[in-house]
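Undergrad: Got a structure here, written out as structure tokens. Questions coming.
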Amino acid sequence: MKKILIGFAILFSICTAANAEQDIVAIVNDKPITRYEFEKRKQLVTILNNIRIANKQQEKALNRNILNILIEEELLNQHAETVGGTVSQEEINNAIAVIEQRNGMPAGNLLPFMKSKGVQVSSFIDQVTAELIKYNIINSLSSSISVSPNEFNVTVFDIVNDKDLEVEALLYKSSKTDKRSHDAMNRIKPKLSNCDKVKYKSRGYDIELIKITGKLTEIEKSEGEKTQSVIADTTEGESSNIYEENNQFKLIFVCKKQVENLLPQEDNKIKSFISNNKVSQKATKFLKDLHTKAYIKIMME
């Protein structure tokens, strides 16, 4: 009889372990994500976004997306616990109040509305908490972001019309296109670092140095279309590659590029655009690093 009881106990423990494993859809480091959590989040997403699953392929893609969201949330929660960045109840309440305001809801109506739709409120709170952690991380990343003059200029030059661009550049031109002239140009190129300290003087290679100033659009008339294009593509404070135009070797060093008539509000918008871009890149890298360093086991097909 005792052996039979032991047999039942072993069988029961095996079944329990199997059921427990079926109830877990993923493990993130040492924390499980349960089937219950997954199903409740899936319910929240499908109801609030009015998603109707048409076929198995669509459901499989939806399941994968929801599982990825839950994994990222767990990684964020674990990170917050590690660095002391957990979200307070006050922050959650404030976030809910903002959602209510944006949707024209009376205060305190959001959670009852979700319950009436059959949504598990705790799953929604988990989602809000993770978004707040991510928001706090992005805020901390943005505090270390600065926009250099060169970054500003590169962005401005990409978006403004060429007719508004004023340039100052050094143009070296050879009278011949032979190997000696090309070699002479190659010796000039590494010496170019500052327009105010041009030390190079041609000796026997018949290389002309001229200074170009004015609107970018006017350079084509005096020096050619290719020179205009090279100046447009060369960063301020840098030299171009040696190129050939009008039976001459040419080399450009861009001293200065500036935009005329740039209003202060446009200046601020461009700086904000660059900052947001850099923060987004940092945040993406941060989340990628969290994934890379974590032990993640997916147990759902």
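Ligands are numbered from 1 in the order shown, chains are lettered A, B, ... in the order of the structure tokens, and residues start at 1 in each chain.
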So that I can check the secondary structure, give me every residue of region 55-300 of chain A assigned strand (DSSP E) by backbone DSSP, as a tab-separated table (two decimals) with C-alpha atoms, in the first residue's frame.
TA:
```
chain	number	residue	atom	x	y	z
A	165	LEU	CA	23.55	78.60	-47.91
A	166	GLU	CA	26.60	80.87	-47.61
A	167	VAL	CA	29.98	79.16	-47.99
A	168	GLU	CA	33.66	79.92	-47.58
A	169	ALA	CA	36.14	77.44	-49.03
A	170	LEU	CA	39.67	76.99	-50.36
A	171	LEU	CA	39.96	75.61	-53.88
A	172	TYR	CA	43.21	74.12	-55.16
A	173	LYS	CA	43.41	73.71	-58.95
A	174	SER	CA	46.16	72.12	-61.01
A	207	ILE	CA	48.82	74.67	-58.58
A	208	GLU	CA	46.54	77.65	-58.06
A	209	LEU	CA	44.89	78.43	-54.73
A	210	ILE	CA	41.78	80.59	-54.64
A	211	LYS	CA	39.34	81.43	-51.87
A	212	ILE	CA	35.65	81.00	-52.63
A	213	THR	CA	33.05	83.03	-50.73
A	214	GLY	CA	29.38	83.59	-51.43
A	215	LYS	CA	26.18	81.68	-52.04
A	243	TYR	CA	38.47	65.19	-58.23
A	244	GLU	CA	38.74	66.17	-61.89
A	245	GLU	CA	36.78	68.93	-63.60
A	248	GLN	CA	42.04	70.12	-63.90
A	249	PHE	CA	42.60	68.27	-60.65
A	250	LYS	CA	40.73	70.02	-57.84
A	251	LEU	CA	40.75	69.82	-54.05
A	252	ILE	CA	38.33	71.62	-51.73
A	253	PHE	CA	38.69	72.55	-48.07
A	254	VAL	CA	35.46	73.94	-46.59
A	255	CYS	CA	36.17	76.73	-44.11
A	256	LYS	CA	32.62	77.70	-43.27
A	257	LYS	CA	29.00	76.97	-44.09
A	258	GLN	CA	26.16	78.98	-42.69
A	259	VAL	CA	22.49	79.50	-43.39
A	296	ILE	CA	15.52	34.66	-21.90
A	297	LYS	CA	13.85	31.32	-22.54
A	298	ILE	CA	10.66	31.27	-24.61
```
Undergrad: Find the residues near Leu44 (chain A): any atom within 12 Å, counting only C-alpha atoms, skip ones fewer than 3 places away on the same chain, and give them as a list in words.
TA: Glu37, Phe38, Glu39, Lys40, Arg41, Ile47, Leu48, Asn49, Asn50, Ile51, Ile66, Met114, Lys115, Lys117, Gly118, Val119, Gln120, Val121, Ser122, Ser123, Phe124, Ile125, Asp126 and Gln127 of chain A
Undergrad: Once DSSP has gone over the backbone, tell me which residues of region 34-245 of chain A are in alpha helix (DSSP H), as number ranges by chain.
TA: A: 35-48, 56-83, 89-102, 110-116, 121-142, 149-159, 179-188, 216-223, 225-233
Undergrad: Might you pull out every residue within 12 Å of Thr284 (chain A), with only C-alpha atoms counted and same-chain residues fewer than 3 positions away left off, and present them as a PyMOL selection string?
TA: chain A and resi 72+134+137-138+141+277-281+287-291
Undergrad: Restricting the output to N, CA and C atoms, write the selected residues as an mmCIF file, in the first residue's frame.
TA:
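Generated file (part.cif):
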```
data_model
loop_
_atom_site.group_PDB
_atom_site.id
_atom_site.type_symbol
_atom_site.label_atom_id
_atom_site.label_comp_id
_atom_site.auth_asym_id
_atom_site.auth_seq_id
_atom_site.Cartn_x
_atom_site.Cartn_y
_atom_site.Cartn_z
ATOM 1 N N GLU A 72 9.963 42.556 -22.576
ATOM 2 C CA GLU A 72 10.583 43.875 -22.396
ATOM 3 C C GLU A 72 10.130 44.515 -21.085
ATOM 4 N N LYS A 134 10.265 53.223 -18.715
ATOM 5 C CA LYS A 134 10.946 53.571 -19.971
ATOM 6 C C LYS A 134 11.061 55.091 -20.122
ATOM 7 N N ILE A 137 13.810 56.328 -17.918
ATOM 8 C CA ILE A 137 15.120 55.979 -18.491
ATOM 9 C C ILE A 137 15.478 56.951 -19.609
ATOM 10 N N ILE A 138 14.511 57.229 -20.483
ATOM 11 C CA ILE A 138 14.748 58.159 -21.600
ATOM 12 C C ILE A 138 15.089 59.545 -21.075
ATOM 13 N N LEU A 141 18.633 59.528 -19.978
ATOM 14 C CA LEU A 141 19.528 59.506 -21.136
ATOM 15 C C LEU A 141 19.610 60.878 -21.797
ATOM 16 N N ASN A 277 16.501 62.562 -31.847
ATOM 17 C CA ASN A 277 17.078 61.483 -32.647
ATOM 18 C C ASN A 277 18.157 60.741 -31.857
ATOM 19 N N LYS A 278 19.019 61.496 -31.188
ATOM 20 C CA LYS A 278 20.115 60.901 -30.421
ATOM 21 C C LYS A 278 19.585 60.131 -29.210
ATOM 22 N N VAL A 279 18.558 60.687 -28.554
ATOM 23 C CA VAL A 279 17.949 59.999 -27.408
ATOM 24 C C VAL A 279 17.321 58.685 -27.868
ATOM 25 N N SER A 280 16.625 58.727 -29.007
ATOM 26 C CA SER A 280 15.993 57.526 -29.548
ATOM 27 C C SER A 280 17.031 56.443 -29.831
ATOM 28 N N GLN A 281 18.154 56.834 -30.397
ATOM 29 C CA GLN A 281 19.229 55.873 -30.684
ATOM 30 C C GLN A 281 19.803 55.290 -29.396
ATOM 31 N N LEU A 287 17.870 49.295 -24.604
ATOM 32 C CA LEU A 287 16.945 48.161 -24.566
ATOM 33 C C LEU A 287 17.570 46.920 -25.209
ATOM 34 N N LYS A 288 18.320 47.136 -26.272
ATOM 35 C CA LYS A 288 19.004 46.017 -26.928
ATOM 36 C C LYS A 288 20.013 45.379 -25.981
ATOM 37 N N ASP A 289 20.731 46.215 -25.224
ATOM 38 C CA ASP A 289 21.709 45.702 -24.252
ATOM 39 C C ASP A 289 21.027 44.913 -23.141
ATOM 40 N N LEU A 290 19.852 45.391 -22.696
ATOM 41 C CA LEU A 290 19.098 44.656 -21.672
ATOM 42 C C LEU A 290 18.766 43.254 -22.167
ATOM 43 N N HIS A 291 18.321 43.165 -23.422
ATOM 44 C CA HIS A 291 17.980 41.867 -24.016
ATOM 45 C C HIS A 291 19.217 40.983 -24.141
#
```
Undergrad: Contacts of region 145-159 of chain A at 10 Å or less, counting only C-alpha atoms, minus same-chain residues fewer than 4 places along, as a PDB file with C-alpha atoms, in the first residue's frame?
TA:
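New file out-v7.pdb:
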```
ATOM      1  CA  SER A 140      17.948  60.224 -17.733  1.00  0.00           C
ATOM      2  CA  LEU A 141      19.528  59.506 -21.136  1.00  0.00           C
ATOM      3  CA  ASP A 164      20.094  80.122 -48.425  1.00  0.00           C
ATOM      4  CA  LEU A 165      23.553  78.603 -47.912  1.00  0.00           C
ATOM      5  CA  ALA A 232      27.719  70.922 -50.723  1.00  0.00           C
ATOM      6  CA  ASP A 233      28.746  67.365 -49.738  1.00  0.00           C
ATOM      7  CA  THR A 234      31.890  68.265 -47.755  1.00  0.00           C
ATOM      8  CA  THR A 235      31.574  68.899 -44.023  1.00  0.00           C
ATOM      9  CA  GLU A 236      32.742  72.201 -42.579  1.00  0.00           C
ATOM     10  CA  GLY A 237      36.380  71.940 -41.431  1.00  0.00           C
ATOM     11  CA  LYS A 256      32.623  77.699 -43.266  1.00  0.00           C
ATOM     12  CA  LYS A 257      29.004  76.974 -44.095  1.00  0.00           C
ATOM     13  CA  GLN A 258      26.161  78.983 -42.687  1.00  0.00           C
ATOM     14  CA  VAL A 259      22.489  79.505 -43.387  1.00  0.00           C
ATOM     15  CA  LEU A 262      17.501  81.167 -39.913  1.00  0.00           C
ATOM     16  CA  GLU A 266      13.741  77.255 -36.443  1.00  0.00           C
ATOM     17  CA  ASP A 267      17.108  76.961 -34.695  1.00  0.00           C
ATOM     18  CA  ILE A 270      16.388  71.722 -35.423  1.00  0.00           C
ATOM     19  CA  LYS A 271      18.250  71.267 -32.124  1.00  0.00           C
ATOM     20  CA  SER A 272      15.229  69.456 -30.641  1.00  0.00           C
ATOM     21  CA  PHE A 273      15.036  67.213 -33.704  1.00  0.00           C
ATOM     22  CA  ILE A 274      18.721  66.257 -33.373  1.00  0.00           C
ATOM     23  CA  SER A 275      18.429  65.698 -29.596  1.00  0.00           C
ATOM     24  CA  ASN A 276      15.331  63.505 -29.968  1.00  0.00           C
ATOM     25  CA  LYS A 278      20.115  60.901 -30.421  1.00  0.00           C
ATOM     26  CA  VAL A 279      17.949  59.999 -27.408  1.00  0.00           C
ATOM     27  CA  LYS A 282      20.514  55.676 -27.094  1.00  0.00           C
TER      28      LYS A 282
END
```
